[in-house]
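The next block holds one structure in the form of structure tokens; read it before the comments.
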Amino acid sequence: MNKKLWGGRFNKKTNPLVEEFTESIHFDYKLAKCDVLGSLSHVEILKKSGYLKPEEAKKLSKALNSIYDSIENKNFKFDKTSEDIHTDIQNKLYKKVGNLALKVHTARSRNDQVLFATKLYCKYSILSLQESMVIFMKALVKQGEDNKEVIIPGFTHMQHAQPVYLKDYLGAYLEMLFRDEARLEYIYNHLKITMGSGALAGTPIKAGDYQIKASELVKKWKIGGISNLESPINSIDTVSDRDFIIEIISVLSIIATHLSRLAEDLIIWSTQEFDFIEIDETFCTGSSLMPQKKNPDVLELIRGYAGRLYGNLVSVLTMMKGLPLTYNRDMQLDKEPLFNSFEIVSNELKVLSGLIKTLKFNKQRINECLKDESLYATDLVYYLVDKKIAFKDAHTIVGRLVKYSTDNNLKIKDMPENTLKKFSEEFIKADIIKLFDPRVSVESKKSILRKK
Ligand code: ARG
């Protein structure tokens, strides 16, 4: 059996069922590198505060660095019988340097370790997610640019509303992603990486010894803009706090919502009835029974996974709501939802980038749909408003005209001028005919400050 980080006050062996039930190494192994970086930092702090001699610190750092490298090179073998990753790394260190390893836990609790490693993991994961977001956003921009002349029918309530530029439609998703980006940025900048909470009450090491620059600790820890290590302002709050996990899963849930809505739009557009887009075969799957099928399963899973994200968020919120301060073992259960949420959204962004890049728009079919006169009804209202008719009256006039047109299966464009004049004296056929044009319609909207 692997050595535990505790045990002195116990006479009996832990029941194997308890060991199995309480272990977390099968998921927190993902924190391995971050935990080693935490120990490397702690060694520096112990040296600074005089708990470790410089040569001891050097020996420990060397051993920890070699553990880090073995994790990076995938040579590291997790011992599944360890209680968690923090225990496992401590045991690995013991194998390398013997009793000296026992000094690393001076003035440190696993509560401190868990927080350090989880927060660092969050920082790394936010950075890599942002990279995937940029790739995805570039794919959206490129589709918009490649189809910058394309106009599509816009919908409200899933009914034909007004024509809009395809690039503006895709741009709407870009805006959502910009906001998500800003949300992540905020969390990243406010996520303080601390040490010195101990189990809950702080440690005998003075606050100043914890306040060191990331770059002074270890080169490997120095990634773009990462904040310095800090001592806690309130150690009780620090070890009790999982707000950052809730915030991150919230933002990831919002991103998942945005991707799910895009997925839904694309699913609708890909139906035979709409036929606005062609999803590349490489991003579709087939049916075992119906040979004709080319299904948008990727998009359906993106829609489906949003539910998983919300579940993850609710599970952490619910887990936290009744906990007395400070650390309680319930909190071990924050990691799977966190890791899982990052993984889902990052995979979604990657697969969706490829799908967007290879998407083809069926312009002929889209143009066919743009012939629907109802899309220009609002433009007819503005026409009458320009002739000084009150908006409400103009709205009623055009409403009646549209109803007459559908009831009599007669296009407005094909109505003689005297029929039009029965609805309003202001209608001049030669003028209104020009309004049934998608380009005229979109270009008449002047309120939009489009980004360049
Ligand atoms: N694996 C645990 C976790 O992630 C370790 C923390 C145990 N801490 C303690 N004070 N017993 O939460």
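Quick note on naming: the chains in the structure tokens go A, B, ... in the order shown, residues restart at 1 in each chain, and ligands are numbered from 1 in order of appearance.
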
What residues of the protein or nucleic acid chains come within 7 Å of ligand 1 when you use only C-alpha atoms and all ligand atoms? Reply as a PDB file with N, CA and C atoms, in the first residue's frame.
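So result-v5.pdb came out as:
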ATOM      1  N   GLU A  23     -10.607   8.080  -2.754  1.00  0.00           N
ATOM      2  CA  GLU A  23      -9.487   8.462  -3.644  1.00  0.00           C
ATOM      3  C   GLU A  23      -9.957   9.424  -4.723  1.00  0.00           C
ATOM      4  N   SER A  24      -9.018  10.245  -5.195  1.00  0.00           N
ATOM      5  CA  SER A  24      -9.373  11.155  -6.291  1.00  0.00           C
ATOM      6  C   SER A  24      -8.333  11.114  -7.397  1.00  0.00           C
ATOM      7  N   ASP A  84      -4.439  10.591  -3.642  1.00  0.00           N
ATOM      8  CA  ASP A  84      -4.646  11.613  -4.678  1.00  0.00           C
ATOM      9  C   ASP A  84      -3.299  11.963  -5.313  1.00  0.00           C
ATOM     10  N   SER A 109      -0.479  22.477   3.813  1.00  0.00           N
ATOM     11  CA  SER A 109      -1.576  21.519   3.899  1.00  0.00           C
ATOM     12  C   SER A 109      -1.969  21.162   2.478  1.00  0.00           C
ATOM     13  N   ARG A 110      -2.641  20.039   2.362  1.00  0.00           N
ATOM     14  CA  ARG A 110      -3.134  19.698   1.027  1.00  0.00           C
ATOM     15  C   ARG A 110      -4.152  20.739   0.550  1.00  0.00           C
ATOM     16  N   ASN A 111      -4.821  21.382   1.511  1.00  0.00           N
ATOM     17  CA  ASN A 111      -5.785  22.416   1.118  1.00  0.00           C
ATOM     18  C   ASN A 111      -5.109  23.502   0.289  1.00  0.00           C
ATOM     19  N   VAL A 114      -4.095  21.835  -3.108  1.00  0.00           N
ATOM     20  CA  VAL A 114      -5.233  21.644  -4.016  1.00  0.00           C
ATOM     21  C   VAL A 114      -5.576  22.977  -4.695  1.00  0.00           C
ATOM     22  N   ALA A 199      -3.794  24.728   6.573  1.00  0.00           N
ATOM     23  CA  ALA A 199      -5.061  24.000   6.499  1.00  0.00           C
ATOM     24  C   ALA A 199      -6.220  24.985   6.476  1.00  0.00           C
ATOM     25  N   TYR A 327     -12.527  23.917   4.645  1.00  0.00           N
ATOM     26  CA  TYR A 327     -12.495  22.814   3.691  1.00  0.00           C
ATOM     27  C   TYR A 327     -13.336  21.650   4.190  1.00  0.00           C
ATOM     28  N   ARG A 329     -14.553  17.627   2.615  1.00  0.00           N
ATOM     29  CA  ARG A 329     -14.146  16.707   1.553  1.00  0.00           C
ATOM     30  C   ARG A 329     -15.082  16.765   0.344  1.00  0.00           C
ATOM     31  N   MET A 331     -15.633  19.079  -1.282  1.00  0.00           N
ATOM     32  CA  MET A 331     -15.022  19.981  -2.271  1.00  0.00           C
ATOM     33  C   MET A 331     -14.098  19.265  -3.259  1.00  0.00           C
ATOM     34  N   GLN A 332     -13.728  18.040  -2.913  1.00  0.00           N
ATOM     35  CA  GLN A 332     -12.949  17.244  -3.863  1.00  0.00           C
ATOM     36  C   GLN A 332     -13.735  17.048  -5.158  1.00  0.00           C
TER      37      GLN A 332
END

> Using only C-alpha atoms, which residues sit within 12 Å of Ala172 of chain A once same-chain residues fewer than 5 positions away are excluded, as JSON, numbers by chain?
Replying inline: {"A": [137, 140, 141, 144, 164, 165, 166, 167, 177, 178, 179, 258, 259, 261, 262, 450, 451]}

Would you output that residue set with all heavy atoms, as a short mmCIF file (atom, residue, chain, number, x, y, z; two decimals), in the first residue's frame?
data_model
loop_
_atom_site.label_atom_id
_atom_site.label_comp_id
_atom_site.auth_asym_id
_atom_site.auth_seq_id
_atom_site.Cartn_x
_atom_site.Cartn_y
_atom_site.Cartn_z
N MET A 137 -13.02 31.86 -34.08
CA MET A 137 -13.52 33.17 -34.51
C MET A 137 -12.97 33.53 -35.89
O MET A 137 -13.68 34.11 -36.71
CB MET A 137 -13.16 34.23 -33.45
CG MET A 137 -14.01 34.08 -32.20
SD MET A 137 -13.29 34.87 -30.77
CE MET A 137 -14.00 36.48 -30.86
N LEU A 140 -15.04 31.92 -38.48
CA LEU A 140 -16.31 32.65 -38.69
C LEU A 140 -16.08 33.90 -39.55
O LEU A 140 -16.83 34.17 -40.49
CB LEU A 140 -16.90 33.09 -37.35
CG LEU A 140 -17.73 32.10 -36.54
CD1 LEU A 140 -18.21 32.75 -35.26
CD2 LEU A 140 -18.92 31.56 -37.32
N VAL A 141 -15.00 34.63 -39.21
CA VAL A 141 -14.69 35.85 -39.96
C VAL A 141 -14.44 35.51 -41.43
O VAL A 141 -14.95 36.17 -42.33
CB VAL A 141 -13.44 36.57 -39.36
CG1 VAL A 141 -12.97 37.71 -40.25
CG2 VAL A 141 -13.74 37.08 -37.96
N GLY A 144 -17.55 34.85 -43.32
CA GLY A 144 -18.24 36.12 -43.53
C GLY A 144 -17.60 36.89 -44.68
O GLY A 144 -18.29 37.41 -45.56
N VAL A 164 -30.93 40.13 -44.02
CA VAL A 164 -29.71 40.59 -43.33
C VAL A 164 -28.49 40.02 -44.05
O VAL A 164 -28.60 39.00 -44.77
CB VAL A 164 -29.65 40.13 -41.84
CG1 VAL A 164 -30.67 40.87 -40.98
CG2 VAL A 164 -29.84 38.62 -41.71
N TYR A 165 -27.36 40.67 -43.87
CA TYR A 165 -26.12 40.13 -44.44
C TYR A 165 -25.72 38.87 -43.68
O TYR A 165 -25.77 38.84 -42.44
CB TYR A 165 -24.98 41.15 -44.32
CG TYR A 165 -24.96 42.18 -45.43
CD1 TYR A 165 -25.09 43.53 -45.14
CD2 TYR A 165 -24.78 41.78 -46.75
CE1 TYR A 165 -25.06 44.48 -46.16
CE2 TYR A 165 -24.75 42.72 -47.77
CZ TYR A 165 -24.89 44.07 -47.47
OH TYR A 165 -24.87 44.98 -48.48
N LEU A 166 -25.29 37.85 -44.43
CA LEU A 166 -24.79 36.63 -43.79
C LEU A 166 -23.62 36.98 -42.86
O LEU A 166 -23.51 36.45 -41.76
CB LEU A 166 -24.32 35.64 -44.88
CG LEU A 166 -23.61 34.40 -44.36
CD1 LEU A 166 -24.53 33.53 -43.50
CD2 LEU A 166 -23.04 33.57 -45.50
N LYS A 167 -22.77 37.90 -43.30
CA LYS A 167 -21.60 38.21 -42.46
C LYS A 167 -22.02 38.88 -41.15
O LYS A 167 -21.36 38.71 -40.13
CB LYS A 167 -20.53 39.00 -43.23
CG LYS A 167 -20.73 40.47 -43.40
CD LYS A 167 -19.41 41.00 -43.97
CE LYS A 167 -19.35 42.46 -44.31
NZ LYS A 167 -20.52 43.25 -44.45
N LEU A 177 -18.84 35.68 -28.74
CA LEU A 177 -17.52 35.15 -28.37
C LEU A 177 -16.60 36.24 -27.81
O LEU A 177 -15.80 35.98 -26.92
CB LEU A 177 -16.88 34.46 -29.58
CG LEU A 177 -17.14 32.96 -29.81
CD1 LEU A 177 -16.32 32.13 -28.84
CD2 LEU A 177 -18.58 32.54 -29.67
N PHE A 178 -16.74 37.46 -28.32
CA PHE A 178 -15.95 38.58 -27.77
C PHE A 178 -16.31 38.79 -26.30
O PHE A 178 -15.44 39.00 -25.46
CB PHE A 178 -16.20 39.88 -28.54
CG PHE A 178 -15.46 39.97 -29.86
CD1 PHE A 178 -16.11 40.39 -31.01
CD2 PHE A 178 -14.11 39.67 -29.93
CE1 PHE A 178 -15.44 40.48 -32.22
CE2 PHE A 178 -13.42 39.76 -31.15
CZ PHE A 178 -14.09 40.17 -32.29
N ARG A 179 -17.60 38.72 -26.03
CA ARG A 179 -18.02 38.90 -24.62
C ARG A 179 -17.49 37.76 -23.76
O ARG A 179 -17.03 37.97 -22.64
CB ARG A 179 -19.56 38.97 -24.53
CG ARG A 179 -20.18 40.20 -25.14
CD ARG A 179 -21.61 40.39 -24.63
NE ARG A 179 -22.52 39.35 -25.08
CZ ARG A 179 -23.17 39.34 -26.26
NH1 ARG A 179 -22.99 40.35 -27.11
NH2 ARG A 179 -23.99 38.37 -26.58
N HIS A 258 -23.81 29.56 -26.50
CA HIS A 258 -23.61 30.23 -27.79
C HIS A 258 -23.30 29.22 -28.89
O HIS A 258 -23.86 29.30 -30.00
CB HIS A 258 -22.46 31.25 -27.67
CG HIS A 258 -22.79 32.39 -26.75
ND1 HIS A 258 -21.84 33.10 -26.07
CD2 HIS A 258 -23.99 32.91 -26.38
CE1 HIS A 258 -22.43 34.03 -25.33
NE2 HIS A 258 -23.73 33.93 -25.50
N LEU A 259 -22.46 28.25 -28.57
CA LEU A 259 -22.11 27.26 -29.60
C LEU A 259 -23.32 26.39 -29.92
O LEU A 259 -23.53 25.98 -31.07
CB LEU A 259 -20.93 26.40 -29.13
CG LEU A 259 -19.62 27.15 -28.83
CD1 LEU A 259 -18.50 26.18 -28.49
CD2 LEU A 259 -19.19 28.03 -30.01
N ARG A 261 -26.45 27.38 -29.84
CA ARG A 261 -27.37 28.14 -30.70
C ARG A 261 -26.86 28.16 -32.14
O ARG A 261 -27.65 28.02 -33.09
CB ARG A 261 -27.52 29.57 -30.18
CG ARG A 261 -28.25 29.61 -28.85
CD ARG A 261 -28.58 31.02 -28.44
NE ARG A 261 -29.67 31.57 -29.22
CZ ARG A 261 -30.20 32.77 -29.01
NH1 ARG A 261 -29.73 33.55 -28.05
NH2 ARG A 261 -31.19 33.20 -29.75
N LEU A 262 -25.55 28.31 -32.29
CA LEU A 262 -24.98 28.27 -33.64
C LEU A 262 -25.23 26.89 -34.26
O LEU A 262 -25.64 26.78 -35.42
CB LEU A 262 -23.48 28.58 -33.59
CG LEU A 262 -22.74 28.46 -34.92
CD1 LEU A 262 -23.30 29.41 -35.98
CD2 LEU A 262 -21.24 28.74 -34.75
N ARG A 450 -21.00 48.79 -37.99
CA ARG A 450 -20.30 47.51 -38.21
C ARG A 450 -18.82 47.64 -37.90
O ARG A 450 -18.21 48.66 -38.22
CB ARG A 450 -20.47 47.05 -39.66
CG ARG A 450 -21.87 46.60 -39.96
CD ARG A 450 -21.97 46.00 -41.34
NE ARG A 450 -23.32 45.54 -41.57
CZ ARG A 450 -24.29 46.32 -42.06
NH1 ARG A 450 -24.04 47.57 -42.38
NH2 ARG A 450 -25.51 45.83 -42.23
N LYS A 451 -18.27 46.56 -37.30
CA LYS A 451 -16.83 46.56 -37.05
C LYS A 451 -16.11 46.31 -38.36
O LYS A 451 -16.59 45.57 -39.21
CB LYS A 451 -16.47 45.43 -36.08
CG LYS A 451 -16.72 45.81 -34.65
CD LYS A 451 -16.28 44.71 -33.72
CE LYS A 451 -16.75 45.01 -32.32
NZ LYS A 451 -17.00 43.82 -31.53
#

Pairwise distance, atom CA of Lys92 of chain A with atom CA of Val18 of chain A, equals 23.0 Å

Calculate how many Å separate atom CA of Lys446 of chain A from atom CA of Gln162 of chain A, rounding to one decimal.
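It comes out at 14.5 Å.
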
Check your understanding: When DSSP works through the backbone of this structure, what residues of segment 55-194 of chain A end up as strand (DSSP E or B), shown as a ChimeraX atom specification?
Key -> /A:151-156,159-165,193-194

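Across A:Tyr29, A:Tyr169, A:Phe274, A:Phe361, the tightest approach to Asp88 of chain A is made by A:Tyr29 when counting only C-alpha atoms.
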
Quiz item: What's the 9 Å shell around Asn91 of chain A, counting only C-alpha atoms, without same-chain residues fewer than 6 positions away, as a list in words?
Solution: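 Final neighbour list, sorted by chain and number: Asn2, Lys3, Lys4, Leu5, Ser82 and Ala101 of chain A.
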
Keeping only N, CA, C and O atoms, take the residues you just selected and write them out as a PDB file, in the first residue's frame.
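Generated file (result-v1.pdb):
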ATOM      1  N   ASN A   2       0.400   2.246  -0.718  1.00  0.00           N
ATOM      2  CA  ASN A   2       1.136   3.490  -0.796  1.00  0.00           C
ATOM      3  C   ASN A   2       1.032   4.302   0.477  1.00  0.00           C
ATOM      4  O   ASN A   2       0.013   4.275   1.156  1.00  0.00           O
ATOM      5  N   LYS A   3       2.115   5.036   0.764  1.00  0.00           N
ATOM      6  CA  LYS A   3       2.133   5.856   1.977  1.00  0.00           C
ATOM      7  C   LYS A   3       1.120   6.999   1.865  1.00  0.00           C
ATOM      8  O   LYS A   3       0.978   7.625   0.823  1.00  0.00           O
ATOM      9  N   LYS A   4       0.441   7.257   2.997  1.00  0.00           N
ATOM     10  CA  LYS A   4      -0.517   8.364   3.007  1.00  0.00           C
ATOM     11  C   LYS A   4       0.173   9.623   3.507  1.00  0.00           C
ATOM     12  O   LYS A   4       1.285   9.566   4.041  1.00  0.00           O
ATOM     13  N   LEU A   5      -0.502  10.758   3.376  1.00  0.00           N
ATOM     14  CA  LEU A   5       0.046  12.006   3.900  1.00  0.00           C
ATOM     15  C   LEU A   5      -0.337  12.194   5.364  1.00  0.00           C
ATOM     16  O   LEU A   5      -0.100  13.216   5.960  1.00  0.00           O
ATOM     17  N   SER A  82      -2.549   5.502  -4.660  1.00  0.00           N
ATOM     18  CA  SER A  82      -2.351   6.734  -3.885  1.00  0.00           C
ATOM     19  C   SER A  82      -3.697   7.410  -3.682  1.00  0.00           C
ATOM     20  O   SER A  82      -4.567   7.337  -4.554  1.00  0.00           O
ATOM     21  N   ALA A 101      12.434  14.534   1.671  1.00  0.00           N
ATOM     22  CA  ALA A 101      11.107  14.815   1.086  1.00  0.00           C
ATOM     23  C   ALA A 101      10.094  15.159   2.172  1.00  0.00           C
ATOM     24  O   ALA A 101       9.141  15.911   1.925  1.00  0.00           O
TER      25      ALA A 101
END

Subject >> Spatial neighbours of Ser197 of chain A, max dist 12 Å, only C-alpha atoms, sep filter under 2 positions, as a VMD selection string >> reply: chain A and resid 107 to 116 193 to 195 199 to 207 210 230 to 241 326 to 327

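Between Leu338 of chain A and the candidates A:Ala430, A:Leu31, A:Ala377, A:Leu420, the tightest atom-to-atom separation, counting only C-alpha atoms, involves A:Leu31.
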
So which residues touch Ser61 of chain A within 9 Å, counting only C-alpha atoms, skipping near sequence neighbours fewer than 5 positions away, as a PDB file with N, CA, C and O atoms, in the first residue's frame?
ATOM      1  N   SER A  39       4.956  22.531  -5.487  1.00  0.00           N
ATOM      2  CA  SER A  39       5.999  22.066  -4.561  1.00  0.00           C
ATOM      3  C   SER A  39       7.311  22.791  -4.826  1.00  0.00           C
ATOM      4  O   SER A  39       8.035  23.141  -3.891  1.00  0.00           O
ATOM      5  N   LEU A  40       7.611  23.023  -6.095  1.00  0.00           N
ATOM      6  CA  LEU A  40       8.833  23.780  -6.421  1.00  0.00           C
ATOM      7  C   LEU A  40       8.771  25.176  -5.805  1.00  0.00           C
ATOM      8  O   LEU A  40       9.760  25.665  -5.250  1.00  0.00           O
ATOM      9  N   VAL A  43       9.209  24.932  -2.028  1.00  0.00           N
ATOM     10  CA  VAL A  43      10.614  24.710  -1.657  1.00  0.00           C
ATOM     11  C   VAL A  43      11.346  26.056  -1.600  1.00  0.00           C
ATOM     12  O   VAL A  43      12.118  26.330  -0.678  1.00  0.00           O
ATOM     13  N   GLU A  44      11.081  26.915  -2.579  1.00  0.00           N
ATOM     14  CA  GLU A  44      11.716  28.244  -2.596  1.00  0.00           C
ATOM     15  C   GLU A  44      11.315  29.054  -1.351  1.00  0.00           C
ATOM     16  O   GLU A  44      12.117  29.752  -0.758  1.00  0.00           O
ATOM     17  N   GLU A  56      19.664  21.798   0.604  1.00  0.00           N
ATOM     18  CA  GLU A  56      18.488  20.906   0.659  1.00  0.00           C
ATOM     19  C   GLU A  56      17.473  21.333  -0.411  1.00  0.00           C
ATOM     20  O   GLU A  56      16.905  20.497  -1.123  1.00  0.00           O
ATOM     21  N   SER A  66      12.820  16.832 -12.108  1.00  0.00           N
ATOM     22  CA  SER A  66      12.870  15.598 -12.901  1.00  0.00           C
ATOM     23  C   SER A  66      11.488  14.925 -12.897  1.00  0.00           C
ATOM     24  O   SER A  66      11.093  14.315 -13.887  1.00  0.00           O
TER      25      SER A  66
END

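Closest approach to Ile246 of chain A among A:Leu299, A:Leu102, A:Val442, A:Ile187: A:Ile187, based on only C-alpha atoms.
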
Could the residues of segment 113-215 of chain A that have an atom at most 9 Å from segment 342-348 of chain A be listed as CSV, each with its closest atom pair and the distance in Å to one decimal, counting only C-alpha atoms and ordered by chain and ascending residue number?
residue,atom,partner,partner_atom,distance
A:Cys122,CA,A:Phe342,CA,8.9
A:Ser125,CA,A:Phe342,CA,7.1
A:Ile126,CA,A:Phe342,CA,8.3
A:Ser128,CA,A:Ser346,CA,8.4
A:Leu129,CA,A:Ser346,CA,5.9
A:Ser132,CA,A:Ser346,CA,6.7
A:Met133,CA,A:Ser346,CA,8.3

(Q) Please list as a PyMOL selection string every residue within 12 Å of Asp69 of chain A, counting only C-alpha atoms and excluding residues in the same chain fewer than 5 positions away. (A) chain A and resi 32-33+36-37+62-64+74-76+220

Take the residues that were just selected and, keeping all heavy atoms, output them as a PDB file, in the first residue's frame.
ATOM      1  N   ALA A  32      -1.238  17.010 -12.068  1.00  0.00           N
ATOM      2  CA  ALA A  32       0.129  16.585 -11.715  1.00  0.00           C
ATOM      3  C   ALA A  32       1.174  17.691 -11.894  1.00  0.00           C
ATOM      4  O   ALA A  32       1.887  18.043 -10.957  1.00  0.00           O
ATOM      5  CB  ALA A  32       0.497  15.352 -12.526  1.00  0.00           C
ATOM      6  N   LYS A  33       1.225  18.244 -13.102  1.00  0.00           N
ATOM      7  CA  LYS A  33       2.270  19.245 -13.367  1.00  0.00           C
ATOM      8  C   LYS A  33       2.104  20.458 -12.444  1.00  0.00           C
ATOM      9  O   LYS A  33       3.074  20.982 -11.912  1.00  0.00           O
ATOM     10  CB  LYS A  33       2.196  19.707 -14.830  1.00  0.00           C
ATOM     11  CG  LYS A  33       2.927  18.770 -15.775  1.00  0.00           C
ATOM     12  CD  LYS A  33       3.409  19.518 -16.991  1.00  0.00           C
ATOM     13  CE  LYS A  33       2.484  19.242 -18.141  1.00  0.00           C
ATOM     14  NZ  LYS A  33       2.858  19.938 -19.368  1.00  0.00           N
ATOM     15  N   VAL A  36       3.378  19.770  -8.992  1.00  0.00           N
ATOM     16  CA  VAL A  36       4.850  19.804  -8.886  1.00  0.00           C
ATOM     17  C   VAL A  36       5.319  21.258  -8.863  1.00  0.00           C
ATOM     18  O   VAL A  36       6.204  21.621  -8.083  1.00  0.00           O
ATOM     19  CB  VAL A  36       5.506  19.034 -10.056  1.00  0.00           C
ATOM     20  CG1 VAL A  36       7.019  19.127  -9.955  1.00  0.00           C
ATOM     21  CG2 VAL A  36       5.077  17.585 -10.053  1.00  0.00           C
ATOM     22  N   LEU A  37       4.704  22.082  -9.695  1.00  0.00           N
ATOM     23  CA  LEU A  37       5.093  23.506  -9.704  1.00  0.00           C
ATOM     24  C   LEU A  37       4.812  24.144  -8.343  1.00  0.00           C
ATOM     25  O   LEU A  37       5.568  24.993  -7.876  1.00  0.00           O
ATOM     26  CB  LEU A  37       4.352  24.253 -10.821  1.00  0.00           C
ATOM     27  CG  LEU A  37       4.740  23.824 -12.246  1.00  0.00           C
ATOM     28  CD1 LEU A  37       3.898  24.550 -13.275  1.00  0.00           C
ATOM     29  CD2 LEU A  37       6.215  24.073 -12.518  1.00  0.00           C
ATOM     30  N   LYS A  62      15.792  19.821  -7.746  1.00  0.00           N
ATOM     31  CA  LYS A  62      16.290  18.968  -8.825  1.00  0.00           C
ATOM     32  C   LYS A  62      15.365  17.746  -8.992  1.00  0.00           C
ATOM     33  O   LYS A  62      14.956  17.390 -10.109  1.00  0.00           O
ATOM     34  CB  LYS A  62      17.723  18.513  -8.499  1.00  0.00           C
ATOM     35  CG  LYS A  62      18.447  17.954  -9.674  1.00  0.00           C
ATOM     36  CD  LYS A  62      19.926  17.745  -9.393  1.00  0.00           C
ATOM     37  CE  LYS A  62      20.467  16.797 -10.447  1.00  0.00           C
ATOM     38  NZ  LYS A  62      21.277  15.739  -9.935  1.00  0.00           N
ATOM     39  N   ALA A  63      15.026  17.139  -7.859  1.00  0.00           N
ATOM     40  CA  ALA A  63      14.165  15.952  -7.909  1.00  0.00           C
ATOM     41  C   ALA A  63      12.774  16.321  -8.437  1.00  0.00           C
ATOM     42  O   ALA A  63      12.198  15.604  -9.274  1.00  0.00           O
ATOM     43  CB  ALA A  63      14.054  15.348  -6.517  1.00  0.00           C
ATOM     44  N   LEU A  64      12.252  17.459  -7.986  1.00  0.00           N
ATOM     45  CA  LEU A  64      10.914  17.874  -8.442  1.00  0.00           C
ATOM     46  C   LEU A  64      10.929  18.194  -9.937  1.00  0.00           C
ATOM     47  O   LEU A  64       9.997  17.848 -10.661  1.00  0.00           O
ATOM     48  CB  LEU A  64      10.422  19.088  -7.637  1.00  0.00           C
ATOM     49  CG  LEU A  64       9.941  18.762  -6.219  1.00  0.00           C
ATOM     50  CD1 LEU A  64       9.843  20.019  -5.366  1.00  0.00           C
ATOM     51  CD2 LEU A  64       8.589  18.045  -6.258  1.00  0.00           C
ATOM     52  N   LYS A  74       5.611  12.136 -20.550  1.00  0.00           N
ATOM     53  CA  LYS A  74       4.674  11.013 -20.406  1.00  0.00           C
ATOM     54  C   LYS A  74       5.343   9.727 -19.900  1.00  0.00           C
ATOM     55  O   LYS A  74       4.902   8.618 -20.188  1.00  0.00           O
ATOM     56  CB  LYS A  74       3.925  10.748 -21.728  1.00  0.00           C
ATOM     57  CG  LYS A  74       3.345  11.972 -22.382  1.00  0.00           C
ATOM     58  CD  LYS A  74       1.916  11.744 -22.834  1.00  0.00           C
ATOM     59  CE  LYS A  74       1.278  12.905 -23.541  1.00  0.00           C
ATOM     60  NZ  LYS A  74       1.294  14.188 -22.941  1.00  0.00           N
ATOM     61  N   ASN A  75       6.418   9.874 -19.130  1.00  0.00           N
ATOM     62  CA  ASN A  75       7.062   8.698 -18.536  1.00  0.00           C
ATOM     63  C   ASN A  75       6.582   8.460 -17.110  1.00  0.00           C
ATOM     64  O   ASN A  75       6.958   7.500 -16.476  1.00  0.00           O
ATOM     65  CB  ASN A  75       8.595   8.900 -18.451  1.00  0.00           C
ATOM     66  CG  ASN A  75       9.193   9.057 -19.813  1.00  0.00           C
ATOM     67  OD1 ASN A  75       8.718   8.448 -20.764  1.00  0.00           O
ATOM     68  ND2 ASN A  75      10.233   9.873 -19.922  1.00  0.00           N
ATOM     69  N   PHE A  76       5.763   9.383 -16.632  1.00  0.00           N
ATOM     70  CA  PHE A  76       5.332   9.330 -15.235  1.00  0.00           C
ATOM     71  C   PHE A  76       4.206   8.308 -15.091  1.00  0.00           C
ATOM     72  O   PHE A  76       3.234   8.338 -15.839  1.00  0.00           O
ATOM     73  CB  PHE A  76       4.839  10.727 -14.836  1.00  0.00           C
ATOM     74  CG  PHE A  76       4.488  10.870 -13.392  1.00  0.00           C
ATOM     75  CD1 PHE A  76       5.442  11.253 -12.470  1.00  0.00           C
ATOM     76  CD2 PHE A  76       3.187  10.656 -12.954  1.00  0.00           C
ATOM     77  CE1 PHE A  76       5.129  11.417 -11.126  1.00  0.00           C
ATOM     78  CE2 PHE A  76       2.856  10.811 -11.618  1.00  0.00           C
ATOM     79  CZ  PHE A  76       3.831  11.201 -10.701  1.00  0.00           C
ATOM     80  N   LYS A 220       9.591  27.118 -15.569  1.00  0.00           N
ATOM     81  CA  LYS A 220       8.461  26.399 -16.163  1.00  0.00           C
ATOM     82  C   LYS A 220       7.110  27.007 -15.797  1.00  0.00           C
ATOM     83  O   LYS A 220       6.124  26.800 -16.465  1.00  0.00           O
ATOM     84  CB  LYS A 220       8.481  24.951 -15.709  1.00  0.00           C
ATOM     85  CG  LYS A 220       9.589  24.173 -16.359  1.00  0.00           C
ATOM     86  CD  LYS A 220       9.700  22.797 -15.786  1.00  0.00           C
ATOM     87  CE  LYS A 220      10.794  22.049 -16.532  1.00  0.00           C
ATOM     88  NZ  LYS A 220      11.704  21.377 -15.647  1.00  0.00           N
TER      89      LYS A 220
END
